[in-house]
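For reference, the structure is listed below as structure tokens.
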Amino acid sequence: MIGTIESNDLGDYLHETEELDFGHPVIQRKAAELKAKSLPDIQLIKEAFEYVRDEISHSWDIQSKRITRKASEALIHKEGICYAKSNLLAALLRCLGIPTGFCYQRLTIGDHPDTGYCIHALNAVYVPSLARWIRLDARGNKAGVDAQFSVDEERLAFPVRDYYGEIDYPTVYSSPNPKTMRVLREHTDCLAMYRHGLPTEL
């Protein structure tokens with residue numbers, strides 16, 4: 001559930017950054033493809049979300065060692081963990097003029113606390129026609145994970161289990177969390193990073 005909005009200025013959720021590099025030609029081309037469909041804002045957001053969710057593989061799911069960080073890298077290589085995929089969705093939507101931010105959860109890496117914890121990234125998107133924010137999780141679906149686009153009821157990838165010490169952080173941030181970006185910069189093997197290198201708290 002969305003709680004605090006880090007900035008009341010929607011312009012702060014439209015900036016280009018090093019990771020959200022929507023000036024890159026590959027991002028520009030994809031955004032232009034989406035814009036050319038002349039869709040209402042809700043449908044445009046849905047199309048962008050489903051593209052990142054379904055067409056950009058989660059690196060762990062495909063057991064890839066490649067690490068992507070920038071939005072353009074995730075799009076070029078068609079893969080990334082949730083940190084890179086949320087960067088890509090934010091970059092595409094910001095390129096289309098739709099304010100997009102970042103939200104986080106603290107989850108167990110596996111099914112139980114003895115597998116350890118990690119920070120999971122997702123997006124919050126401001127829907128102009130509704131004048132409110134919604135949260136979307138483009139992590140990528142698989143058995144047991146069924147994230148969907150919804151403007152009414154959140155349908156995220158993972159339910160937060162309080163009894164396991166999991167946390168749903170309510171803030172919408174304007175930039176990716178520095179800890180999440182640091183691990184992507186500092187590691188060279190995605191599988192090793194995923195097992196042992198992800199931040200465990202914001």
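Residue numbering restarts at 1 in every chain; chains get A, B, ... in the order shown in the structure tokens, and ligands count up from 1 in that same order.
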
Practice task
Using DSSP on the backbone, list every residue of stretch 12-170 of chain A that comes out as strand (DSSP E or B), and give them as a PyMOL selection string.
Solution key: chain A and resi 57-58+79-80+100-108+117-127+132-136+142+145+167-170

Practice task
Can you pull out every residue within 12 Å of A:Leu156, counting only C-alpha atoms, but drop anything in the same chain fewer than 5 positions away, and send it as a PyMOL selection string?
Solution key: chain A and resi 1+53+103-105+120-124+134-141+144-151+168

Please provide the set of residues having any atom within 12 Å of A:Ile62, restricted to only C-alpha atoms, with same-chain residues fewer than 6 positions apart removed, written as a compact mmCIF listing (two decimals) with N, CA and C atoms, in the first residue's frame.
```
# COMPACT_ATOMS: atom_id res chain seq x y z
N ILE A 56 11.20 -8.91 -20.64
CA ILE A 56 12.53 -8.77 -20.03
C ILE A 56 12.65 -9.85 -18.96
N LYS A 78 17.69 -7.69 -22.63
CA LYS A 78 16.40 -8.33 -22.34
C LYS A 78 16.42 -9.13 -21.05
N GLU A 79 17.16 -8.62 -20.05
CA GLU A 79 17.19 -9.30 -18.76
C GLU A 79 17.64 -8.36 -17.66
N GLY A 80 17.36 -8.76 -16.43
CA GLY A 80 17.79 -8.01 -15.26
C GLY A 80 17.05 -8.53 -14.04
N ILE A 81 17.59 -8.24 -12.86
CA ILE A 81 16.82 -8.55 -11.65
C ILE A 81 15.84 -7.40 -11.42
N GLY A 140 8.38 -10.17 -13.10
CA GLY A 140 8.24 -11.29 -14.04
C GLY A 140 7.53 -12.44 -13.36
N LYS A 142 5.99 -16.33 -12.76
CA LYS A 142 6.40 -17.73 -12.86
C LYS A 142 5.49 -18.49 -11.92
N CYS A 190 25.89 -12.31 -11.50
CA CYS A 190 24.54 -12.07 -10.98
C CYS A 190 24.07 -13.17 -10.04
N LEU A 191 24.40 -14.41 -10.34
CA LEU A 191 23.93 -15.52 -9.50
C LEU A 191 24.55 -15.45 -8.12
```

Show me, as a Markdown table, the residues of stretch 36-93 of chain A having an atom within 12 Å of stretch 13-20 of chain A, each with the closest atom pair and its distance in Å, using only C-alpha atoms.
```
| residue | atom | partner | partner_atom | distance |
| --- | --- | --- | --- | --- |
| A:Thr68 | CA | A:Glu19 | CA | 10.0 |
| A:Arg69 | CA | A:Glu19 | CA | 6.6 |
| A:Lys70 | CA | A:Glu19 | CA | 4.2 |
| A:Ala71 | CA | A:Leu20 | CA | 5.5 |
| A:Ser72 | CA | A:Leu20 | CA | 7.9 |
| A:Glu73 | CA | A:Glu19 | CA | 9.2 |
| A:Ala74 | CA | A:Glu19 | CA | 10.3 |
| A:Leu75 | CA | A:Leu20 | CA | 11.5 |
| A:Tyr83 | CA | A:Glu19 | CA | 10.1 |
| A:Ala84 | CA | A:Glu19 | CA | 8.5 |
| A:Lys85 | CA | A:Leu20 | CA | 10.6 |
| A:Ser86 | CA | A:Leu20 | CA | 9.5 |
| A:Asn87 | CA | A:Leu20 | CA | 5.8 |
| A:Leu88 | CA | A:Leu20 | CA | 6.9 |
| A:Leu89 | CA | A:Leu20 | CA | 9.0 |
| A:Ala90 | CA | A:Leu20 | CA | 6.9 |
| A:Ala91 | CA | A:Leu20 | CA | 4.9 |
| A:Leu92 | CA | A:Leu20 | CA | 8.5 |
| A:Leu93 | CA | A:Leu14 | CA | 8.5 |
```

Exercise for the section: May I ask which of the residues A:Met181, A:Leu202, A:Ile76, A:Ile98 is the closest one to A:Tyr169, counting only C-alpha atoms? Expected result: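 The closest residue to A:Tyr169 is A:Leu202.
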
Practice task
Could you tell me, as number ranges by chain, which residues of chain A DSSP assigns to helix (DSSP H, G or I) when given the backbone?
Solution key: A: 10-13, 25-35, 41-55, 71-77, 82-95, 113-115, 162-164, 178-186, 190-196

Would you save the residues of that selection, restricted to C-alpha atoms, as a compact mmCIF listing (two decimals), in the first residue's frame?
```txt
# COMPACT_ATOMS: atom_id res chain seq x y z
CA LEU A 10 5.65 15.28 -9.84
CA GLY A 11 8.54 16.69 -11.83
CA ASP A 12 10.91 14.86 -9.46
CA TYR A 13 9.47 11.62 -10.83
CA PRO A 25 18.29 5.50 -28.48
CA VAL A 26 17.04 2.03 -27.49
CA ILE A 27 14.75 3.52 -24.82
CA GLN A 28 13.64 6.25 -27.19
CA ARG A 29 12.69 3.71 -29.84
CA LYS A 30 10.67 1.55 -27.47
CA ALA A 31 8.90 4.56 -25.98
CA ALA A 32 8.10 5.80 -29.49
CA GLU A 33 6.56 2.40 -30.33
CA LEU A 34 4.31 2.68 -27.29
CA LYS A 35 3.42 6.31 -27.95
CA ASP A 41 -2.86 6.77 -20.16
CA ILE A 42 -4.11 3.72 -18.24
CA GLN A 43 -3.71 1.45 -21.26
CA LEU A 44 -0.32 2.97 -22.10
CA ILE A 45 0.95 2.27 -18.58
CA LYS A 46 -0.43 -1.26 -18.77
CA GLU A 47 1.34 -1.92 -22.10
CA ALA A 48 4.67 -0.66 -20.78
CA PHE A 49 4.31 -2.65 -17.57
CA GLU A 50 3.41 -5.89 -19.34
CA TYR A 51 6.28 -5.46 -21.78
CA VAL A 52 8.85 -5.17 -18.99
CA ARG A 53 7.18 -7.91 -16.95
CA ASP A 54 6.91 -10.41 -19.79
CA GLU A 55 9.62 -9.59 -22.34
CA ALA A 71 17.46 0.86 -18.11
CA SER A 72 19.12 0.71 -21.52
CA GLU A 73 21.19 -2.32 -20.50
CA ALA A 74 18.12 -4.20 -19.34
CA LEU A 75 16.38 -3.44 -22.63
CA ILE A 76 19.36 -4.27 -24.84
CA HIS A 77 20.07 -7.59 -23.11
CA CYS A 82 14.02 -6.49 -10.13
CA TYR A 83 16.33 -3.50 -9.60
CA ALA A 84 17.14 -3.24 -13.31
CA LYS A 85 13.60 -4.07 -14.43
CA SER A 86 12.13 -1.34 -12.23
CA ASN A 87 14.69 1.06 -13.70
CA LEU A 88 13.55 0.12 -17.19
CA LEU A 89 9.85 0.56 -16.46
CA ALA A 90 10.54 3.92 -14.82
CA ALA A 91 12.67 5.07 -17.76
CA LEU A 92 10.08 4.07 -20.35
CA LEU A 93 7.22 5.75 -18.52
CA ARG A 94 9.19 8.88 -17.70
CA CYS A 95 10.16 9.10 -21.36
CA PRO A 113 13.61 -16.85 6.92
CA ASP A 114 16.53 -19.31 7.09
CA THR A 115 17.21 -18.49 3.41
CA ASP A 162 4.70 -9.99 8.71
CA TYR A 163 5.19 -13.15 10.76
CA TYR A 164 8.44 -13.79 8.86
CA PRO A 178 21.57 3.74 -3.57
CA LYS A 179 22.19 0.35 -1.93
CA THR A 180 20.43 -1.47 -4.74
CA MET A 181 22.42 0.38 -7.39
CA ARG A 182 25.69 -0.14 -5.53
CA VAL A 183 25.42 -3.92 -5.53
CA LEU A 184 24.78 -3.90 -9.28
CA ARG A 185 27.89 -1.79 -9.84
CA GLU A 186 30.13 -3.79 -7.52
CA CYS A 190 24.54 -12.07 -10.98
CA LEU A 191 23.93 -15.52 -9.50
CA ALA A 192 26.51 -15.03 -6.75
CA MET A 193 25.19 -11.53 -6.10
CA TYR A 194 21.62 -12.82 -5.86
CA ARG A 195 22.59 -15.50 -3.36
CA HIS A 196 24.89 -13.48 -1.15
```

Exercise for the section: Give the answer as one residue: which of A:Glu201, A:Thr171, A:Val125, A:Val160 has the shortest atom-to-atom distance to A:Thr4, using only C-alpha atoms? Expected result: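 Of A:Glu201, A:Thr171, A:Val125, A:Val160, the one nearest A:Thr4, counting only C-alpha atoms, is A:Thr171.
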
Problem - A:Ile119, A:Ile2, A:Leu39, A:Ala143 ranked by distance to A:Leu107, top pick (using only C-alpha atoms) - result: A:Ile119
